[in-house]
>>> print(open('structure.cif').read())   # mmCIF, C-alpha atoms
data_final
#
loop_
_atom_site.label_atom_id
_atom_site.label_comp_id
_atom_site.auth_asym_id
_atom_site.auth_seq_id
_atom_site.Cartn_x
_atom_site.Cartn_y
_atom_site.Cartn_z
CA MET A 22 -37.28 -53.28 88.47
CA LYS A 23 -36.01 -50.89 85.81
CA ALA A 24 -35.22 -52.26 82.36
CA LEU A 25 -34.75 -51.10 78.77
CA VAL A 26 -37.77 -52.15 76.70
CA TYR A 27 -38.12 -52.41 72.91
CA ASN A 28 -41.20 -50.47 71.81
CA GLY A 29 -40.60 -50.55 68.06
CA ALA A 30 -38.18 -49.29 65.43
CA PHE A 31 -35.93 -46.54 66.84
CA ASP A 32 -37.98 -46.54 70.04
CA VAL A 33 -36.64 -47.95 73.31
CA SER A 34 -37.26 -46.71 76.83
CA VAL A 35 -36.40 -47.50 80.44
CA GLN A 36 -39.55 -48.74 82.15
CA ASP A 37 -40.71 -50.50 85.28
CA VAL A 38 -41.15 -54.20 84.50
CA PRO A 39 -41.87 -57.24 86.70
CA ASP A 40 -38.88 -58.30 88.79
CA ALA A 41 -36.73 -61.14 87.51
CA ARG A 42 -37.43 -64.21 89.64
CA ILE A 43 -36.65 -67.88 90.04
CA GLU A 44 -38.99 -69.80 87.72
CA GLN A 45 -37.29 -73.19 87.53
CA PRO A 46 -35.16 -75.04 90.12
CA THR A 47 -32.03 -74.58 87.97
CA ASP A 48 -32.47 -70.79 87.65
CA ALA A 49 -30.46 -68.00 89.25
CA VAL A 50 -31.21 -64.29 89.48
CA VAL A 51 -28.25 -62.01 88.83
CA ARG A 52 -27.99 -58.37 89.86
CA ILE A 53 -26.52 -56.74 86.77
CA THR A 54 -23.42 -54.60 87.28
CA SER A 55 -22.44 -54.15 83.62
CA THR A 56 -24.45 -54.69 80.44
CA ASN A 57 -23.22 -53.57 77.04
CA ILE A 58 -24.91 -52.18 73.96
CA CYS A 59 -23.92 -54.45 71.08
CA GLY A 60 -23.88 -53.69 67.37
CA SER A 61 -26.29 -56.62 66.99
CA ASP A 62 -28.75 -54.76 69.22
CA LEU A 63 -28.87 -52.07 66.55
CA HIS A 64 -30.38 -54.49 64.01
CA MET A 65 -33.35 -54.79 66.37
CA TYR A 66 -33.35 -51.11 67.31
CA GLU A 67 -33.63 -50.16 63.63
CA GLY A 68 -36.56 -52.55 63.10
CA ARG A 69 -34.57 -54.88 60.85
CA THR A 70 -35.61 -58.03 62.76
CA ASP A 71 -38.82 -59.58 64.06
CA MET A 72 -38.14 -58.49 67.65
CA GLU A 73 -41.36 -58.39 69.66
CA THR A 74 -42.40 -55.14 71.29
CA GLY A 75 -42.30 -55.20 75.08
CA ARG A 76 -39.13 -57.36 75.28
CA VAL A 77 -36.20 -56.29 77.43
CA LEU A 78 -33.02 -55.94 75.38
CA GLY A 79 -29.46 -56.86 76.29
CA HIS A 80 -27.36 -59.99 75.71
CA GLU A 81 -23.92 -58.85 76.99
CA ASN A 82 -24.32 -59.20 80.73
CA MET A 83 -22.37 -59.66 83.96
CA GLY A 84 -23.17 -59.16 87.61
CA ILE A 85 -23.54 -60.66 91.08
CA VAL A 86 -25.65 -63.72 91.90
CA GLU A 87 -28.61 -62.52 93.96
CA ALA A 88 -30.58 -65.75 94.37
CA VAL A 89 -30.40 -69.39 93.24
CA GLY A 90 -33.02 -72.09 92.76
CA PRO A 91 -33.01 -75.33 94.77
CA GLY A 92 -31.46 -77.20 91.82
CA VAL A 93 -28.39 -74.95 91.66
CA ASP A 94 -25.44 -76.48 93.48
CA ARG A 95 -22.33 -74.85 91.98
CA LEU A 96 -23.13 -71.15 92.01
CA LYS A 97 -23.67 -69.33 95.27
CA VAL A 98 -25.17 -66.00 96.22
CA GLY A 99 -22.49 -63.30 95.95
CA ASP A 100 -20.57 -64.89 93.05
CA ARG A 101 -19.44 -62.45 90.39
CA VAL A 102 -20.36 -63.95 87.01
CA SER A 103 -20.19 -63.41 83.26
CA LEU A 104 -23.23 -64.64 81.35
CA PRO A 105 -22.70 -65.94 77.81
CA PHE A 106 -25.21 -64.47 75.40
CA ASN A 107 -26.02 -68.07 74.36
CA ILE A 108 -28.46 -69.85 76.65
CA GLY A 109 -27.69 -73.57 76.71
CA CYS A 110 -29.45 -76.43 78.47
CA GLY A 111 -26.17 -78.27 78.98
CA SER A 112 -27.52 -81.71 78.08
CA CYS A 113 -28.75 -81.74 74.47
CA GLU A 114 -26.64 -83.15 71.65
CA ASN A 115 -25.20 -79.79 70.64
CA CYS A 116 -24.47 -78.58 74.17
CA VAL A 117 -22.68 -81.83 75.00
CA ALA A 118 -20.60 -81.32 71.84
CA GLY A 119 -19.66 -77.80 72.98
CA LYS A 120 -21.92 -76.07 70.43
CA THR A 121 -23.90 -74.11 73.00
CA GLY A 122 -24.84 -71.43 70.47
CA PHE A 123 -27.07 -74.05 68.84
CA CYS A 124 -28.78 -75.57 71.88
CA LEU A 125 -31.69 -77.78 70.81
CA ARG A 126 -33.83 -77.28 73.93
CA ALA A 127 -33.56 -73.68 75.08
CA ASN A 128 -35.42 -71.91 72.26
CA GLN A 129 -39.16 -72.15 72.89
CA ALA A 130 -39.78 -71.96 69.12
CA GLY A 131 -38.02 -75.30 68.69
CA THR A 132 -35.18 -73.96 66.54
CA ALA A 133 -31.49 -74.27 67.39
CA GLY A 134 -30.00 -71.50 69.49
CA ALA A 135 -31.26 -69.24 72.27
CA ALA A 136 -30.07 -65.95 73.74
CA PHE A 137 -30.97 -63.23 76.19
CA GLY A 138 -33.05 -60.38 74.76
CA PHE A 139 -32.58 -61.23 71.09
CA ALA A 140 -34.95 -61.63 68.14
CA ALA A 141 -35.84 -65.20 67.13
CA MET A 142 -33.64 -66.61 69.90
CA GLY A 143 -36.31 -67.56 72.40
CA GLU A 144 -38.57 -65.59 74.71
CA TYR A 145 -35.94 -64.67 77.30
CA ALA A 146 -35.68 -61.19 78.74
CA GLY A 147 -32.41 -59.36 78.25
CA GLY A 148 -30.05 -57.97 80.85
CA GLN A 149 -30.21 -54.23 80.17
CA ALA A 150 -32.00 -54.20 83.48
CA GLU A 151 -31.37 -54.20 87.20
CA PHE A 152 -31.81 -57.98 87.46
CA LEU A 153 -31.79 -60.96 85.09
CA ARG A 154 -33.17 -64.48 85.32
CA VAL A 155 -30.54 -67.00 84.17
CA PRO A 156 -31.82 -70.45 83.12
CA TRP A 157 -29.63 -73.54 83.74
CA ALA A 158 -27.44 -71.24 85.78
CA ASP A 159 -24.84 -73.79 86.89
CA PHE A 160 -24.10 -74.55 83.24
CA ASN A 161 -24.32 -71.05 81.78
CA ALA A 162 -22.69 -68.73 84.32
CA LEU A 163 -18.91 -68.25 84.37
CA VAL A 164 -17.54 -67.36 87.80
CA LEU A 165 -15.08 -64.44 87.84
CA PRO A 166 -12.57 -63.21 90.42
CA GLU A 167 -14.17 -61.28 93.26
CA GLY A 168 -14.24 -57.49 93.39
CA THR A 169 -14.56 -54.86 90.69
CA GLU A 170 -11.09 -55.08 89.15
CA LYS A 171 -11.03 -55.46 85.36
CA GLU A 172 -14.83 -54.97 85.13
CA LEU A 173 -14.57 -53.50 81.65
CA ASP A 174 -12.40 -56.37 80.47
CA TYR A 175 -14.51 -59.16 81.97
CA THR A 176 -17.77 -57.70 80.67
CA MET A 177 -16.52 -58.40 77.13
CA LEU A 178 -16.56 -62.15 77.89
CA SER A 179 -20.32 -62.45 77.39
CA ASP A 180 -20.11 -61.95 73.63
CA ILE A 181 -17.70 -59.79 71.69
CA PHE A 182 -14.32 -61.06 72.90
CA PRO A 183 -15.24 -64.73 72.38
CA THR A 184 -16.97 -63.81 69.10
CA GLY A 185 -13.87 -62.04 67.80
CA TRP A 186 -11.77 -65.04 68.85
CA HIS A 187 -14.31 -67.33 67.17
CA GLY A 188 -14.01 -65.41 63.90
CA VAL A 189 -10.26 -66.00 63.89
CA GLU A 190 -10.81 -69.67 64.79
CA LEU A 191 -13.36 -70.15 61.98
CA SER A 192 -10.85 -68.81 59.47
CA GLY A 193 -8.50 -71.74 60.17
CA PHE A 194 -5.87 -69.43 61.65
CA GLN A 195 -2.38 -70.71 62.52
CA PRO A 196 0.35 -68.75 64.34
CA GLY A 197 2.37 -66.72 61.87
CA ASP A 198 -0.56 -66.16 59.50
CA SER A 199 -1.52 -62.77 58.12
CA VAL A 200 -5.10 -61.67 58.78
CA VAL A 201 -7.55 -59.08 57.51
CA VAL A 202 -10.66 -58.15 59.50
CA TRP A 203 -13.52 -56.37 57.77
CA GLY A 204 -15.16 -54.03 60.28
CA ALA A 205 -13.60 -52.12 63.19
CA GLY A 206 -16.67 -52.28 65.36
CA PRO A 207 -16.30 -53.99 68.74
CA VAL A 208 -16.28 -57.54 67.31
CA GLY A 209 -13.82 -56.63 64.57
CA LEU A 210 -11.50 -54.99 67.08
CA MET A 211 -11.76 -58.09 69.28
CA ALA A 212 -10.87 -60.25 66.27
CA ALA A 213 -7.77 -58.13 65.68
CA HIS A 214 -6.88 -58.27 69.40
CA SER A 215 -7.37 -62.05 69.33
CA ALA A 216 -5.26 -62.53 66.22
CA ARG A 217 -2.39 -60.61 67.82
CA ILE A 218 -2.63 -62.62 71.04
CA ARG A 219 -2.61 -65.84 69.00
CA GLY A 220 0.54 -64.89 67.10
CA ALA A 221 -0.53 -63.32 63.82
CA ALA A 222 2.36 -61.97 61.77
CA GLU A 223 0.31 -59.13 60.35
CA VAL A 224 -3.22 -57.86 60.95
CA PHE A 225 -5.21 -55.38 58.84
CA VAL A 226 -8.63 -53.96 59.78
CA VAL A 227 -10.93 -52.30 57.24
CA ASP A 228 -13.30 -49.51 58.25
CA ARG A 229 -13.97 -45.84 57.54
CA GLN A 230 -14.80 -44.30 60.96
CA PRO A 231 -11.81 -42.28 62.27
CA ASP A 232 -12.46 -43.17 65.93
CA ARG A 233 -12.60 -46.87 65.12
CA LEU A 234 -9.50 -46.71 62.92
CA ALA A 235 -7.64 -45.10 65.82
CA LEU A 236 -8.55 -48.10 68.00
CA VAL A 237 -7.23 -50.46 65.34
CA ARG A 238 -3.72 -49.25 66.17
CA LYS A 239 -4.40 -49.90 69.88
CA ALA A 240 -5.21 -53.47 68.88
CA GLY A 241 -1.77 -53.73 67.26
CA ALA A 242 -3.16 -53.78 63.73
CA THR A 243 -2.89 -51.70 60.55
CA PRO A 244 -5.97 -49.61 59.70
CA ILE A 245 -7.33 -49.62 56.14
CA ASP A 246 -9.66 -46.68 55.43
CA TYR A 247 -12.02 -47.82 52.67
CA SER A 248 -13.30 -44.26 52.17
CA ALA A 249 -9.80 -43.38 50.92
CA GLY A 250 -9.78 -45.98 48.15
CA ASP A 251 -10.61 -49.56 47.19
CA PRO A 252 -9.75 -51.67 50.28
CA VAL A 253 -8.90 -54.69 48.11
CA GLU A 254 -6.30 -52.66 46.23
CA GLN A 255 -4.93 -51.20 49.49
CA ILE A 256 -4.47 -54.65 51.05
CA MET A 257 -2.94 -56.17 47.94
CA GLU A 258 -0.50 -53.27 47.72
CA ALA A 259 0.38 -53.55 51.42
CA THR A 260 1.11 -57.27 51.00
CA GLY A 261 3.12 -56.94 47.80
CA GLY A 262 0.31 -58.51 45.80
CA ARG A 263 0.26 -61.67 47.93
CA GLY A 264 -2.95 -61.10 49.83
CA VAL A 265 -3.53 -62.52 53.32
CA ASP A 266 -3.80 -66.01 54.76
CA ARG A 267 -7.02 -65.46 56.70
CA GLY A 268 -10.02 -63.13 56.65
CA VAL A 269 -12.67 -62.33 59.24
CA GLU A 270 -16.05 -60.85 58.33
CA ALA A 271 -17.28 -58.78 61.30
CA ILE A 272 -19.92 -56.55 59.68
CA GLY A 273 -22.84 -58.67 58.49
CA TYR A 274 -25.83 -58.09 56.28
CA GLN A 275 -26.04 -54.31 56.78
CA ALA A 276 -22.64 -53.59 55.19
CA HIS A 277 -22.31 -50.29 53.29
CA ASP A 278 -19.95 -49.15 50.58
CA ALA A 279 -17.96 -45.90 50.68
CA SER A 280 -20.95 -43.99 49.26
CA GLY A 281 -23.26 -45.26 52.00
CA ASN A 282 -25.13 -47.78 49.85
CA GLU A 283 -26.12 -51.00 51.60
CA ASP A 284 -24.75 -54.16 50.00
CA ALA A 285 -25.02 -57.44 51.87
CA SER A 286 -22.74 -59.29 49.44
CA MET A 287 -19.91 -56.75 49.25
CA VAL A 288 -17.70 -57.80 52.16
CA LEU A 289 -17.77 -61.54 51.50
CA ASN A 290 -16.80 -60.96 47.88
CA GLN A 291 -14.00 -58.59 48.85
CA LEU A 292 -12.64 -61.19 51.26
CA VAL A 293 -12.62 -63.78 48.49
CA GLN A 294 -10.45 -61.38 46.49
CA VAL A 295 -7.85 -60.64 49.18
CA VAL A 296 -7.53 -64.06 50.86
CA LYS A 297 -4.87 -66.26 49.28
CA ALA A 298 -5.58 -69.48 47.43
CA THR A 299 -6.32 -72.23 50.01
CA GLY A 300 -6.79 -69.57 52.69
CA GLY A 301 -9.75 -69.35 55.06
CA ILE A 302 -12.55 -66.94 55.92
CA GLY A 303 -14.43 -66.74 59.24
CA VAL A 304 -17.84 -65.08 59.22
CA VAL A 305 -19.21 -63.81 62.53
CA GLY A 306 -21.12 -60.79 61.21
CA VAL A 307 -24.88 -61.41 61.47
CA TYR A 308 -26.81 -62.66 58.42
CA LEU A 309 -30.53 -63.46 58.54
CA PRO A 310 -32.72 -66.02 56.74
CA GLN A 311 -35.08 -63.16 55.81
CA ASP A 312 -34.52 -59.40 55.75
CA PRO A 313 -37.75 -57.59 54.73
CA GLY A 314 -36.01 -54.23 55.15
CA ALA A 315 -33.34 -54.97 52.53
CA LYS A 316 -32.95 -52.84 49.43
CA ASP A 317 -33.14 -55.66 46.86
CA GLU A 318 -35.32 -58.74 46.40
CA LEU A 319 -32.50 -61.26 46.78
CA SER A 320 -31.37 -59.80 50.10
CA LYS A 321 -34.96 -59.72 51.36
CA GLN A 322 -34.88 -63.52 51.08
CA GLY A 323 -31.65 -63.70 53.07
CA LYS A 324 -29.67 -64.52 49.93
CA ILE A 325 -26.66 -62.80 48.38
CA ALA A 326 -24.85 -62.79 45.04
CA PHE A 327 -21.66 -64.59 46.11
CA ASP A 328 -18.55 -64.96 43.95
CA TYR A 329 -18.53 -68.71 44.40
CA GLY A 330 -16.57 -69.34 41.23
CA THR A 331 -13.51 -67.47 42.49
CA PHE A 332 -14.00 -68.93 45.98
CA TRP A 333 -13.99 -72.45 44.52
CA PHE A 334 -11.17 -71.80 42.05
CA LYS A 335 -8.93 -70.52 44.87
CA GLY A 336 -9.72 -73.53 47.04
CA GLN A 337 -10.74 -71.32 49.95
CA SER A 338 -12.65 -72.47 53.03
CA MET A 339 -15.27 -70.65 55.08
CA GLY A 340 -16.59 -71.10 58.61
CA THR A 341 -19.74 -69.34 59.75
CA GLY A 342 -22.19 -68.94 62.60
CA GLN A 343 -22.60 -67.37 65.98
CA CYS A 344 -20.02 -68.00 68.66
CA ASN A 345 -20.31 -70.86 71.14
CA VAL A 346 -19.17 -68.64 74.00
CA LYS A 347 -18.57 -71.45 76.49
CA ALA A 348 -16.03 -72.99 74.12
CA TYR A 349 -13.71 -70.05 74.81
CA ASN A 350 -14.71 -68.00 77.84
CA VAL A 351 -12.80 -69.88 80.54
CA LYS A 352 -9.47 -69.49 78.73
CA LEU A 353 -10.24 -65.90 77.74
CA ARG A 354 -11.10 -65.10 81.37
CA ASN A 355 -7.73 -66.50 82.37
CA LEU A 356 -5.96 -64.38 79.73
CA ILE A 357 -7.67 -61.28 81.14
CA THR A 358 -6.81 -62.22 84.72
CA ALA A 359 -3.17 -62.70 83.71
CA GLY A 360 -3.10 -59.32 81.94
CA VAL A 361 -2.43 -60.85 78.52
CA ALA A 362 -5.81 -59.79 77.09
CA THR A 363 -7.23 -56.30 77.67
CA PRO A 364 -10.48 -56.18 75.68
CA GLY A 365 -11.84 -53.25 77.69
CA PHE A 366 -9.66 -50.87 75.69
CA ILE A 367 -12.53 -50.37 73.24
CA VAL A 368 -14.93 -48.86 75.82
CA SER A 369 -15.70 -45.21 75.12
CA HIS A 370 -18.65 -44.60 77.48
CA GLU A 371 -19.87 -45.91 80.81
CA LEU A 372 -23.42 -44.76 81.53
CA ASP A 373 -26.21 -45.32 84.00
CA LEU A 374 -29.09 -47.48 82.80
CA THR A 375 -31.32 -44.39 82.82
CA GLU A 376 -29.27 -43.02 79.90
CA ALA A 377 -29.71 -46.14 77.76
CA ALA A 378 -32.38 -44.86 75.37
CA SER A 379 -30.40 -41.80 74.30
CA ALA A 380 -27.22 -43.90 74.12
CA TYR A 381 -28.89 -46.24 71.63
CA GLY A 382 -29.69 -43.33 69.33
CA THR A 383 -26.21 -41.87 69.54
CA PHE A 384 -24.50 -45.23 69.02
CA ASP A 385 -26.78 -46.05 66.09
CA ARG A 386 -25.86 -42.76 64.38
CA ARG A 387 -22.18 -43.74 64.69
CA GLU A 388 -21.38 -40.39 66.29
CA ASP A 389 -17.67 -39.77 66.67
CA GLY A 390 -16.13 -41.28 69.77
CA TRP A 391 -18.96 -43.72 70.52
CA THR A 392 -17.20 -47.04 69.99
CA LYS A 393 -18.52 -49.20 72.84
CA VAL A 394 -21.10 -48.34 75.50
CA VAL A 395 -21.30 -50.09 78.86
CA LEU A 396 -24.39 -49.54 81.02
CA HIS A 397 -24.22 -49.86 84.80
CA PRO A 398 -27.68 -50.35 86.34
CA GLY A 399 -26.35 -50.33 89.89
CA GLU A 400 -23.35 -49.67 92.07
CA LEU A 401 -20.74 -49.30 89.33
CA ALA A 402 -22.66 -46.48 87.64
CA THR A 403 -20.24 -43.86 86.46
CA ALA A 404 -19.83 -41.60 83.46
CA ARG A 405 -16.80 -40.75 81.37
#
>>> encode(input="structure.cif", output="structure tokens")
Amino acid sequence: MKALVYNGAFDVSVQDVPDARIEQPTDAVVRITSTNICGSDLHMYEGRTDMETGRVLGHENMGIVEAVGPGVDRLKVGDRVSLPFNIGCGSCENCVAGKTGFCLRANQAGTAGAAFGFAAMGEYAGGQAEFLRVPWADFNALVLPEGTEKELDYTMLSDIFPTGWHGVELSGFQPGDSVVVWGAGPVGLMAAHSARIRGAAEVFVVDRQPDRLALVRKAGATPIDYSAGDPVEQIMEATGGRGVDRGVEAIGYQAHDASGNEDASMVLNQLVQVVKATGGIGVVGVYLPQDPGAKDELSKQGKIAFDYGTFWFKGQSMGTGQCNVKAYNVKLRNLITAGVATPGFIVSHELDLTEAASAYGTFDRREDGWTKVVLHPGELATAR
């Protein structure tokens, strides 16, 4: 089968690889119809992780069940499914508690948390391929309505829509709160979309890319262009000096200032400044225990200079960590089906799998208009 393989920093290619197959009785094989390029994939693409060469990338996947193992009794061949990027066993302590992003059995390295095609998250192949093996398929796969309707909306259920929702949840959000989201990438836009759906009184999103800032308005939020001035000052002015109730960090450890300098601590410290006393911050941007490619020694150790004194003095709270997709995806699927949620509005390009390597380069360069790329390995292949 054809799949996108990681060869090294800034080097990916579509290659012939062994077909995905049933390896355990509880496995399924899914024919991929849509698989997205995620901003988190770019950390690996740029060589900023310990991703092994030869691995197939892709953790945002949906498709049609092609085959099931003898231990699968809920899914059936022909089901249209969304596949959470988390791989959970369904029976460990964390999975039973709903914390499937921290499964204690799925990662072959013995650490908590596993995922498709992702560094340090187990040895599983990703879904930027024609077919994908899905472990513990009955537990992990979410069945979708039949057909091709709302494909671009449902494909966001594997990661970024639940992750944006999770960021709002981690912040301690309540209806009527004001919210600021740092980062108008796909996850940040999904956080803004989620906050609006959940009843936020006011939503701001901070970024500098014109195409992303234009999508902020589509999400029903107010764009803050940090290249035009200090974003903290802009938000404080817009709120009459009050600040906001909740903040969501959707950028992660490769944040850059307006001059293009990387600063892993910048966004968290800015959120501490703009979030009100006793307010909350949700962090869903990726941070790593080690970052050898960082610019300073502290960041190389996965540590940052955090304004803890102000954070403590203001009595703020913070929730962190990757999203437990299964905690949200059923309800978010239902919101899409009902037409309440429309996360597909962020998609800028639909491409065939054969165009994946060049799409990675273009997306990584943040070229204008490339806000979210969906790859179609099979029948839904089309191009905008």
>>> residues_around(input="structure.cif", residues="Arg52 in chain A", least_positions_apart="2", cutoff="8 Å", atoms="only C-alpha atoms", output="list of chain:residue names")
A:Val50, A:Thr54, A:Gly84, A:Ile85, A:Val86, A:Glu87, A:Glu151, A:Phe152, A:Leu153
>>> residues_around(input="structure.cif", residues="Ala205 in chain A", least_positions_apart="2", cutoff="6 Å", atoms="only C-alpha atoms", output="list in words")
Gly209, Leu210, Asp228 and Arg233 of chain A
>>> atom_distance(input="structure.cif", atom1="CA of Glu167 in chain A", atom2="CA of Glu44 in chain A")
26.8 Å
>>> atom_distance(input="structure.cif", atom1="CA of Ala136 in chain A", atom2="CA of Lys316 in chain A")
27.8 Å
>>> residues_around(input="structure.cif", residues="range 157-162 of chain A", least_positions_apart="5", cutoff="7 Å", atoms="only C-alpha atoms", output="ChimeraX atom specification")
/A:47-49,93,95-96,102-105,108-111
>>> closest_residue(input="structure.cif", among="A:Leu191, A:Val227, A:Ile325, A:Ala377", to="Ser338 in chain A", atoms="only C-alpha atoms")
A:Leu191
>>> atom_distance(input="structure.cif", atom1="CA of His214 in chain A", atom2="CA of Asp385 in chain A")
23.6 Å
>>> resolve_selection(input="structure.cif", expression="the PyMOL selection byres ((chain A and resi 241) around 10)", output="PyMOL selection string")
chain A and resi 210+213-214+216-218+223-225+236-240+242-244
>>> resolve_selection(input="structure.cif", expression="the PyMOL selection byres ((chain A and resi 260) around 12)", output="list of chain:residue names")
A:Ser199, A:Val200, A:Val201, A:Ala222, A:Glu223, A:Val224, A:Phe225, A:Thr243, A:Val253, A:Glu254, A:Gln255, A:Ile256, A:Met257, A:Glu258, A:Ala259, A:Gly261, A:Gly262, A:Arg263, A:Gly264, A:Val265, A:Asp266, A:Val295, A:Val296, A:Lys297
>>> resolve_selection(input="structure.cif", expression="the PyMOL selection byres ((chain A and resi 389) around 10)", output="PDB file with C-alpha atoms, in the coordinates of the input")
ATOM      1  CA  GLN A 230     -14.800 -44.300  60.960  1.00  0.00           C
ATOM      2  CA  PRO A 231     -11.810 -42.280  62.270  1.00  0.00           C
ATOM      3  CA  ASP A 232     -12.460 -43.170  65.930  1.00  0.00           C
ATOM      4  CA  ARG A 233     -12.600 -46.870  65.120  1.00  0.00           C
ATOM      5  CA  THR A 383     -26.210 -41.870  69.540  1.00  0.00           C
ATOM      6  CA  PHE A 384     -24.500 -45.230  69.020  1.00  0.00           C
ATOM      7  CA  ARG A 386     -25.860 -42.760  64.380  1.00  0.00           C
ATOM      8  CA  ARG A 387     -22.180 -43.740  64.690  1.00  0.00           C
ATOM      9  CA  GLU A 388     -21.380 -40.390  66.290  1.00  0.00           C
ATOM     10  CA  GLY A 390     -16.130 -41.280  69.770  1.00  0.00           C
ATOM     11  CA  TRP A 391     -18.960 -43.720  70.520  1.00  0.00           C
ATOM     12  CA  THR A 392     -17.200 -47.040  69.990  1.00  0.00           C
TER      13      THR A 392
END
>>> residues_near_point(input="structure.cif", point="(-35.1, -69.0, 77.2)", cutoff="6 Å", atoms="only C-alpha atoms", output="VMD selection string")
chain A and resid 127 to 128 143 to 145
>>> closest_residue(input="structure.cif", among="A:Leu353, A:Leu396, A:Ala130, A:Cys344", to="His187 in chain A", atoms="all atoms listed in the file")
A:Cys344
